[in-house]
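Structure first, then comments.
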Amino acid sequence: AAEKAAAEAAARTAAAGADKGEGKAGRKGESKGEGGPKPKKRKVTASGGAPRPPPGVVVSHRYAFGMAVEVAGEDEGFERSWYSGEVLKAAAKVTVRYDALFEEDSDAKRPLTETLEPGRLRPLPPKAQEGWLRKAKAGLPLELKHDGGWWQVEFVSVADGGDAETATQLLVRGAGELWGGAEILADVSSLRPGWHFNAASQSWGSRGAAAAAAPKKSRSGSKSRRSGARPDKGAA
């Protein structure tokens, strides 16, 4: 009789444990079911997607690691120059290692690295088309290879008075106040077109054409020039 009572007690204990386990499993399943936290929904605009820039916004050229670029000079003595380099990092700003600019006081001529606003960069310009000097006129924007960079200059005349297309040397002068506007005898092989990169259309054109297409100054600005203000010769 005692053995029978002990067996019945053991059976009741086992049954109670099983019921308790089922209850925990049920509650655990409920927490993962429909009663649990729901995933956060993505926020969208009325168009059904993420916000986009408004029409007419100029999207800058997309730079990436390893891309060859040119950087517009802004430091004193480097105005109106373009120096080539390689993109090391591209984010909100772009880190560039120059090809022909170096850290000051570097015995090993360690290439200079700078982090810049994307607006100071442009891709490498295309090669000039054959016969690009055929219709050269005074004031034509050019770029002169000098001291490791390309510098903005303007065509003055053919050195020997012949034809610019077949000449080997041309007379040029620095754009604006560059080099005091002095005339320079330059080999044609060291010259290229005065390029302008349009970030909106991702296309190349002449620096002179870009200046001509820019909005004209107000009449008040014209009066100030006539009264003695000096115009910038490099505006073209």
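Every chain in the structure tokens has a letter given in the order shown (A, B, ...), and although residue numbers restart at 1 in each chain, ligands are simply numbered from 1 in the order shown.
Residues lying within 8 Å of Phe155 in chain A, counting only C-alpha atoms and ignoring same-chain neighbours fewer than 6 positions away, are Ala136, Lys137, Ala138, Gly139, Leu140, Pro141, Leu142, Leu170, Leu171, Val172 and Arg173 of chain A.
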Just asking: which residues within range 66-230 of chain A are alpha helix (DSSP H) according to DSSP, as a compact mmCIF listing (two decimals) with N, CA, C and O atoms, in the first residue's frame?
# COMPACT_ATOMS: atom_id res chain seq x y z
N ARG A 207 36.62 77.40 -71.59
CA ARG A 207 36.50 78.37 -70.50
C ARG A 207 35.91 79.69 -70.99
O ARG A 207 35.13 80.33 -70.31
N GLY A 208 36.24 80.05 -72.22
CA GLY A 208 35.71 81.28 -72.79
C GLY A 208 34.22 81.19 -73.03
O GLY A 208 33.47 82.13 -72.75
N ALA A 209 33.75 80.03 -73.54
CA ALA A 209 32.32 79.85 -73.79
C ALA A 209 31.54 79.86 -72.48
O ALA A 209 30.44 80.39 -72.40
N ALA A 210 32.12 79.28 -71.42
CA ALA A 210 31.45 79.25 -70.13
C ALA A 210 31.31 80.66 -69.56
O ALA A 210 30.28 81.02 -68.99
N ALA A 211 32.34 81.49 -69.74
CA ALA A 211 32.28 82.85 -69.26
C ALA A 211 31.26 83.67 -70.03
O ALA A 211 30.54 84.49 -69.48
N ALA A 212 31.17 83.42 -71.35
CA ALA A 212 30.22 84.16 -72.18
C ALA A 212 28.78 83.81 -71.82
O ALA A 212 27.87 84.63 -71.93
N ALA A 213 28.56 82.56 -71.36
CA ALA A 213 27.22 82.11 -71.02
C ALA A 213 26.80 82.52 -69.62
O ALA A 213 25.64 82.42 -69.25
N ARG A 219 23.79 96.92 -64.54
CA ARG A 219 24.20 98.20 -65.11
C ARG A 219 25.04 98.98 -64.12
O ARG A 219 25.96 99.70 -64.50
N SER A 220 24.72 98.86 -62.83
CA SER A 220 25.49 99.59 -61.83
C SER A 220 26.94 99.13 -61.83
O SER A 220 27.86 99.91 -61.62
N GLY A 221 27.15 97.81 -62.09
CA GLY A 221 28.51 97.30 -62.16
C GLY A 221 29.25 97.89 -63.35
O GLY A 221 30.43 98.19 -63.28
N SER A 222 28.53 98.09 -64.49
CA SER A 222 29.16 98.68 -65.66
C SER A 222 29.58 100.11 -65.39
O SER A 222 30.64 100.56 -65.80
N LYS A 223 28.76 100.86 -64.67
CA LYS A 223 29.11 102.24 -64.34
C LYS A 223 30.37 102.30 -63.50
O LYS A 223 31.22 103.15 -63.68
N SER A 224 30.49 101.37 -62.55
CA SER A 224 31.67 101.38 -61.69
C SER A 224 32.93 101.12 -62.51
O SER A 224 33.97 101.69 -62.22
N ARG A 225 32.82 100.29 -63.56
CA ARG A 225 33.99 100.04 -64.40
C ARG A 225 34.38 101.28 -65.19
O ARG A 225 35.53 101.61 -65.32
N ARG A 226 33.38 101.98 -65.70
CA ARG A 226 33.68 103.18 -66.48
C ARG A 226 34.28 104.27 -65.61
O ARG A 226 35.03 105.10 -66.08
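Minimum distance to Ile184 in chain A across A:Ser81, A:Ser203, A:Thr168, A:Ser157 (counting only C-alpha atoms) occurs at A:Ser157.
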